[in-house]
Structure formats: C-alpha cells, structure tokens
>>> print(open('query_12.csv').read())   # CSV, C-alpha atoms
chain,number,residue,atom,x,y,z
A,1,MET,CA,121.8,100.6,176.6
A,2,HIS,CA,123.2,98.3,173.9
A,3,ALA,CA,119.7,96.8,173.3
A,4,LEU,CA,118.2,100.3,173.0
A,5,PHE,CA,120.8,101.3,170.5
A,6,ASP,CA,119.9,98.2,168.4
A,7,ARG,CA,116.2,99.0,168.4
A,8,ASN,CA,116.8,102.6,167.3
A,9,TRP,CA,119.2,101.5,164.5
A,10,LYS,CA,116.7,99.0,163.1
A,11,GLY,CA,114.1,101.7,162.8
A,12,LEU,CA,116.4,104.0,160.9
A,13,VAL,CA,115.5,104.6,157.2
A,14,ILE,CA,118.3,105.5,154.8
A,15,ASP,CA,116.9,107.4,151.7
A,16,LEU,CA,119.5,107.6,148.9
A,17,SER,CA,117.2,109.3,146.4
A,18,PRO,CA,118.3,112.8,145.3
A,19,PRO,CA,116.0,115.8,146.0
A,20,VAL,CA,113.3,116.1,143.4
A,21,SER,CA,112.9,119.6,141.9
A,22,LEU,CA,110.5,118.7,139.1
A,23,PRO,CA,106.8,119.3,139.7
A,24,HIS,CA,104.5,116.3,140.1
A,25,ALA,CA,102.0,117.8,137.5
A,26,ALA,CA,102.0,116.4,134.0
A,27,VAL,CA,104.5,118.0,131.7
A,28,ARG,CA,102.8,119.5,128.6
A,29,MET,CA,104.4,118.3,125.4
A,30,PHE,CA,103.5,117.6,121.8
A,31,SER,CA,102.6,114.0,120.9
A,32,CYS,CA,104.1,112.8,117.6
A,33,VAL,CA,101.1,110.5,117.1
A,34,GLY,CA,98.7,113.3,117.9
A,35,CYS,CA,100.4,115.7,115.4
A,36,PHE,CA,100.2,113.0,112.7
A,37,TRP,CA,96.6,112.4,113.5
A,38,VAL,CA,95.7,116.1,113.1
A,39,LEU,CA,97.5,116.3,109.8
A,40,LEU,CA,95.9,113.2,108.4
A,41,SER,CA,92.5,114.3,109.6
A,42,SER,CA,92.8,117.7,107.9
A,43,ALA,CA,94.1,116.1,104.7
A,44,LEU,CA,91.2,113.7,104.6
A,45,VAL,CA,88.7,116.4,105.1
A,46,ALA,CA,90.1,118.2,102.0
A,47,LEU,CA,90.2,115.0,100.1
A,48,CYS,CA,86.6,114.1,101.0
A,49,SER,CA,85.3,117.6,100.1
A,50,PHE,CA,87.1,117.6,96.8
A,51,SER,CA,85.8,114.1,95.8
A,52,PHE,CA,82.3,115.1,96.9
A,53,ILE,CA,82.1,118.1,94.5
A,54,SER,CA,84.0,116.2,91.7
A,55,PRO,CA,82.0,115.7,88.5
A,56,ALA,CA,83.9,112.6,87.5
A,57,TRP,CA,82.3,109.7,89.4
A,58,ILE,CA,81.0,108.1,86.2
A,59,VAL,CA,82.8,109.0,82.9
A,60,LYS,CA,82.4,108.2,79.2
A,61,GLU,CA,85.2,108.9,76.8
A,62,HIS,CA,84.8,110.0,73.2
A,63,LEU,CA,83.2,107.2,71.2
A,64,LYS,CA,82.0,107.1,67.6
A,65,ASN,CA,82.1,110.9,67.2
A,66,LYS,CA,80.1,111.5,70.3
A,67,ASP,CA,80.9,113.9,73.2
A,68,SER,CA,82.5,112.6,76.3
A,69,VAL,CA,80.3,112.8,79.4
A,70,SER,CA,80.9,112.6,83.2
A,71,PHE,CA,78.6,112.5,86.2
A,72,GLY,CA,79.1,113.3,89.8
A,73,LEU,CA,76.8,113.6,92.8
A,74,LEU,CA,75.8,117.2,92.0
A,75,TRP,CA,77.3,117.9,88.6
A,76,HIS,CA,77.3,116.5,85.1
A,77,CYS,CA,79.8,117.7,82.5
A,78,SER,CA,80.3,117.2,78.8
A,79,GLU,CA,83.3,117.7,76.5
A,80,SER,CA,82.6,118.2,72.8
A,81,LEU,CA,84.9,117.1,70.0
A,82,ASP,CA,86.3,120.6,69.7
A,83,HIS,CA,87.5,120.2,73.4
A,84,MET,CA,84.9,122.6,74.8
A,85,TYR,CA,84.2,121.5,78.4
A,86,ARG,CA,80.8,122.5,80.0
A,87,CYS,CA,79.5,121.6,83.5
A,88,TYR,CA,76.0,121.9,84.9
A,89,THR,CA,74.4,121.3,88.2
A,90,PHE,CA,71.5,118.9,88.3
A,91,GLY,CA,68.5,121.2,88.1
A,92,GLY,CA,70.5,124.1,89.4
A,93,LEU,CA,71.6,124.9,93.0
A,94,GLY,CA,68.9,124.6,95.6
A,95,LYS,CA,66.9,122.0,93.6
A,96,PHE,CA,68.1,118.8,95.3
A,97,GLN,CA,65.0,116.9,94.3
A,98,GLU,CA,66.0,117.2,90.6
A,99,ILE,CA,69.1,114.9,91.0
A,100,PRO,CA,68.1,112.2,88.5
A,101,SER,CA,68.1,109.2,90.9
A,102,SER,CA,66.8,108.7,94.5
A,103,SER,CA,69.9,106.6,95.0
A,104,TRP,CA,72.1,109.5,94.1
A,105,GLN,CA,70.1,111.8,96.4
A,106,THR,CA,70.7,109.3,99.3
A,107,SER,CA,74.4,109.0,98.4
A,108,ALA,CA,74.7,112.8,98.3
A,109,VAL,CA,73.1,113.1,101.8
A,110,LEU,CA,75.3,110.4,103.3
A,111,CYS,CA,78.6,111.6,101.8
A,112,SER,CA,78.0,115.2,102.7
A,113,GLY,CA,77.0,114.2,106.2
A,114,GLY,CA,80.1,112.0,106.6
A,115,CYS,CA,82.3,114.9,105.3
A,116,ALA,CA,80.7,117.3,107.8
A,117,LEU,CA,81.2,114.8,110.7
A,118,LEU,CA,84.8,114.3,109.6
A,119,ALA,CA,85.4,118.1,109.5
A,120,VAL,CA,84.0,118.5,113.1
A,121,SER,CA,86.3,115.7,114.4
A,122,SER,CA,89.2,117.3,112.6
A,123,LEU,CA,88.5,120.6,114.4
A,124,LEU,CA,88.4,118.7,117.8
A,125,ALA,CA,91.7,117.1,116.9
A,126,ILE,CA,93.3,120.5,116.3
A,127,ILE,CA,92.0,121.7,119.7
A,128,THR,CA,93.7,118.8,121.5
A,129,ILE,CA,97.1,120.2,120.3
A,130,PHE,CA,96.7,123.2,122.6
A,131,LEU,CA,95.4,121.3,125.6
A,132,PRO,CA,97.6,120.0,128.4
A,133,GLY,CA,97.7,116.3,128.8
A,134,GLY,CA,94.9,115.0,131.1
A,135,ALA,CA,91.4,113.7,131.3
A,136,CYS,CA,89.9,116.5,129.2
A,137,GLU,CA,92.2,115.8,126.3
A,138,ARG,CA,91.6,112.1,126.5
A,139,ARG,CA,87.8,112.7,126.4
A,140,ILE,CA,88.1,114.9,123.4
A,141,CYS,CA,90.3,112.5,121.5
A,142,THR,CA,87.9,109.6,122.3
A,143,LEU,CA,84.9,111.7,121.1
A,144,ALA,CA,86.7,112.6,117.9
A,145,GLY,CA,87.7,109.0,117.3
A,146,TYR,CA,84.0,107.9,117.6
A,147,MET,CA,83.0,110.6,115.2
A,148,GLN,CA,85.6,109.5,112.7
A,149,MET,CA,84.4,105.9,113.0
A,150,ALA,CA,80.8,107.0,112.4
A,151,ALA,CA,82.0,109.1,109.4
A,152,VAL,CA,83.6,105.9,107.9
A,153,PHE,CA,80.3,104.0,108.0
A,154,ILE,CA,78.2,106.9,106.7
A,155,MET,CA,80.5,107.7,103.8
A,156,GLY,CA,81.0,104.0,103.0
A,157,SER,CA,77.2,103.6,102.9
A,158,GLY,CA,76.9,106.5,100.5
A,159,LEU,CA,79.5,105.0,98.2
A,160,LEU,CA,77.7,101.7,98.2
A,161,VAL,CA,74.4,103.3,97.4
A,162,PHE,CA,75.7,105.4,94.5
A,163,PRO,CA,75.9,102.6,91.8
A,164,PHE,CA,72.2,101.9,92.3
A,165,GLY,CA,71.5,105.1,90.3
A,166,LEU,CA,73.1,103.7,87.2
A,167,ASN,CA,69.7,102.4,86.0
A,168,SER,CA,68.3,106.0,85.8
A,169,SER,CA,67.0,107.2,82.5
A,170,LEU,CA,69.5,110.0,82.3
A,171,VAL,CA,72.5,107.7,82.7
A,172,LYS,CA,71.0,105.2,80.3
A,173,SER,CA,70.7,107.9,77.6
A,174,PHE,CA,74.5,108.4,77.7
A,175,CYS,CA,75.8,105.0,78.9
A,176,GLY,CA,73.6,102.7,76.9
A,177,ASP,CA,72.5,99.5,78.6
A,178,SER,CA,73.6,100.5,82.1
A,179,ASP,CA,72.1,99.0,85.3
A,180,ILE,CA,72.7,98.7,89.0
A,181,TYR,CA,76.5,98.2,89.5
A,182,ASN,CA,76.9,98.1,85.7
A,183,ALA,CA,78.0,101.3,84.0
A,184,GLY,CA,77.4,100.0,80.4
A,185,GLU,CA,79.5,102.0,78.0
A,186,CYS,CA,80.7,104.3,80.8
A,187,GLN,CA,83.3,103.5,83.5
A,188,ILE,CA,84.1,104.5,87.1
A,189,GLY,CA,85.8,107.9,87.2
A,190,TRP,CA,88.6,109.2,89.3
A,191,GLY,CA,86.3,111.1,91.6
A,192,TYR,CA,84.6,107.9,92.8
A,193,MET,CA,87.9,106.2,93.2
A,194,LEU,CA,89.3,109.2,95.2
A,195,ALA,CA,86.3,108.9,97.5
A,196,ILE,CA,86.9,105.2,98.1
A,197,VAL,CA,90.6,105.9,98.9
A,198,GLY,CA,89.5,108.6,101.3
A,199,VAL,CA,87.2,106.3,103.2
A,200,MET,CA,89.8,103.6,103.4
A,201,LEU,CA,92.3,106.0,104.9
A,202,THR,CA,89.7,107.3,107.3
A,203,LEU,CA,89.6,103.8,108.8
A,204,PHE,CA,93.0,104.5,110.4
A,205,LEU,CA,91.9,107.7,112.2
A,206,PRO,CA,90.1,106.1,115.2
A,207,PHE,CA,93.2,104.0,115.8
A,208,PHE,CA,95.5,107.1,115.9
A,209,ALA,CA,92.9,108.9,118.1
A,210,LYS,CA,93.4,106.2,120.7
A,211,TYR,CA,97.1,107.0,121.0
A,212,ALA,CA,97.0,110.7,120.3
A,213,PRO,CA,96.8,112.0,123.9
A,214,LYS,CA,100.1,113.4,125.3
A,215,GLU,CA,102.1,111.3,127.6
A,216,GLN,CA,102.2,112.2,131.3
A,217,LEU,CA,105.8,112.4,132.6
A,218,SER,CA,106.3,111.8,136.3
A,219,PRO,CA,109.7,111.6,138.0
A,220,THR,CA,110.8,108.1,139.0
A,221,PRO,CA,112.8,108.2,142.3
A,222,LEU,CA,115.6,105.8,143.1
A,223,PRO,CA,114.7,102.8,145.2
A,224,THR,CA,114.7,103.5,148.9
A,225,LEU,CA,116.9,101.4,151.1
A,226,LEU,CA,114.9,100.3,154.2
>>> encode(input="query_12.csv", output="structure tokens")
Amino acid sequence: MHALFDRNWKGLVIDLSPPVSLPHAAVRMFSCVGCFWVLLSSALVALCSFSFISPAWIVKEHLKNKDSVSFGLLWHCSESLDHMYRCYTFGGLGKFQEIPSSSWQTSAVLCSGGCALLAVSSLLAIITIFLPGGACERRICTLAGYMQMAAVFIMGSGLLVFPFGLNSSLVKSFCGDSDIYNAGECQIGWGYMLAIVGVMLTLFLPFFAKYAPKEQLSPTPLPTLL
C-alpha cells in the first residue's frame, strides 16, 4: 500500500499557473514603426511629386541686364528685369518628344515611374494599418518594401541621367559653355536638390517596412512545477 501511494504521488503534476482568460489569437494593435513608415512614405510621395513638376532644376540668376532663367524636367521659366515671371511647358502638354534633350526625356520617364511606384507602395502601407497582425500583413509590408527599394534605384538613375542634358542647344543658349555635368553660367536649383533629398530619405523606407508589421502578443504562463 505504501509503495502504491508513492507511485501515485510521483505521477502527480502540480500546476501553479493561473487560469488564462485571454484568447490565443494575435491581439490587433497599432505599430509605432508602422505608423511612422506610413507617414514618411506619404510625405515622400508629396515631396517627389512636387520636385518632379518643379521648374527649378537648373537656374540662372540675373546677369548683365539679362533675364533669369530656370529649367525643369517639363517646364522652363523666365523672369524679366521688371519681375514678370512666365513659365512654359516644353512644346506644350502632350508633346513629350519636344523636351530638348533625350537625356531629359529619359530622366522624366524614370523619375515619374519612380514616383508612381512610391505612390503605390505608400497606398499599400496605408492598407496595412487596418489589417490585423499576421501573414497577410507581413506579405504586404514586404511587397511595399521591395517596391520602395526599386523606386530608389529608378529615381536615382533619373537624377544621374539628367545632367547629361546640359549639353543641349537650348541650355547652351542660356547657360553659355555648358556641358555634361557642367552647368556653365547656370547652377543647380532647389528642385533638383529637393529630388536628391527625397531619394536619400526613401532609402530608409525598406528598413522601416521590415519592422512595420504589428507585434503578435501571446500570453506567457508561469512555469509548471513537475
């Protein structure tokens, strides 16, 4: 009898963990990294679009009683000495082939494509806010991160190609002895610098996309005494 009691006592398990009332499913919550990722993505889309339509990629200030001139990817503007400012599209809207340089045409395609890709990834980032944490959310964040990485390379290539158009006849007529990566009497404008800053900040978006998914919270029971 005593031996039987010992065998039953050794097989007894004492569980000191309290009863668990929380569900085992993941708790839906907002991720701080995810919210920051969404805000930064949206801000960079606006920054990219604004710099793309800016007419101040190459500028020339008033010099020797001449009008100031500025060039962008799609626009060129001039300011007369009486401070009258006029802007024109290259050849008018819908006449893409009349952009004065093939390098600028290529840059316009790359920059606009990168902005469009960044806008789609920003929309995906906004969608993830309303999704519960799980595999679907992680897949969308990963896809958006890859799209943002591709947008960096596309827009960066467009910015590198743009200075090749400084040797066009139109730019030479205003900037003097300009050449590839040499603006002559002109200088780099705020629009081009703004685009560079936007691309540099976009480099961080894929990193935030990796840590954007919401954390899954699961209850941790107390150790069981065997």
>>> residues_near_point(input="query_12.csv", point="(87.2, 108.7, 123.8)", cutoff="12 Å", atoms="all atoms listed in the file", output="PyMOL selection string")
chain A and resi 121+124-125+135-149+206-213
>>> atom_distance(input="query_12.csv", atom1="CA of Cys175 in chain A", atom2="CA of Met200 in chain A")
28.3 Å
>>> residues_around(input="query_12.csv", residues="range 48-51 of chain A", least_positions_apart="6", cutoff="12 Å", atoms="all atoms listed in the file", output="PyMOL selection string")
chain A and resi 40-42+57+72-75+108+111-119+151-152+155-156+159+189-202
>>> write_last_selection(input="query_12.csv", atoms="C-alpha atoms", output="compact mmCIF listing (two decimals), in the frame of the given file")
# COMPACT_ATOMS: atom_id res chain seq x y z
CA LEU A 40 95.90 113.20 108.40
CA SER A 41 92.50 114.30 109.60
CA SER A 42 92.80 117.70 107.90
CA TRP A 57 82.30 109.70 89.40
CA GLY A 72 79.10 113.30 89.80
CA LEU A 73 76.80 113.60 92.80
CA LEU A 74 75.80 117.20 92.00
CA TRP A 75 77.30 117.90 88.60
CA ALA A 108 74.70 112.80 98.30
CA CYS A 111 78.60 111.60 101.80
CA SER A 112 78.00 115.20 102.70
CA GLY A 113 77.00 114.20 106.20
CA GLY A 114 80.10 112.00 106.60
CA CYS A 115 82.30 114.90 105.30
CA ALA A 116 80.70 117.30 107.80
CA LEU A 117 81.20 114.80 110.70
CA LEU A 118 84.80 114.30 109.60
CA ALA A 119 85.40 118.10 109.50
CA ALA A 151 82.00 109.10 109.40
CA VAL A 152 83.60 105.90 107.90
CA MET A 155 80.50 107.70 103.80
CA GLY A 156 81.00 104.00 103.00
CA LEU A 159 79.50 105.00 98.20
CA GLY A 189 85.80 107.90 87.20
CA TRP A 190 88.60 109.20 89.30
CA GLY A 191 86.30 111.10 91.60
CA TYR A 192 84.60 107.90 92.80
CA MET A 193 87.90 106.20 93.20
CA LEU A 194 89.30 109.20 95.20
CA ALA A 195 86.30 108.90 97.50
CA ILE A 196 86.90 105.20 98.10
CA VAL A 197 90.60 105.90 98.90
CA GLY A 198 89.50 108.60 101.30
CA VAL A 199 87.20 106.30 103.20
CA MET A 200 89.80 103.60 103.40
CA LEU A 201 92.30 106.00 104.90
CA THR A 202 89.70 107.30 107.30
>>> closest_residue(input="query_12.csv", among="A:Val33, A:Val38, A:Cys77, A:Arg86", to="Leu123 in chain A", atoms="only C-alpha atoms")
A:Val38
>>> closest_residue(input="query_12.csv", among="A:Ile58, A:Val69, A:Ile129, A:Val171", to="Ile188 in chain A", atoms="all atoms listed in the file")
A:Ile58
>>> atom_distance(input="query_12.csv", atom1="CA of Ser107 in chain A", atom2="CA of Leu39 in chain A")
26.8 Å
>>> atom_distance(input="query_12.csv", atom1="CA of His76 in chain A", atom2="CA of Tyr181 in chain A")
18.8 Å
>>> closest_residue(input="query_12.csv", among="A:Ile53, A:Thr106, A:Gly176, A:Glu185", to="Leu160 in chain A", atoms="only C-alpha atoms")
A:Thr106
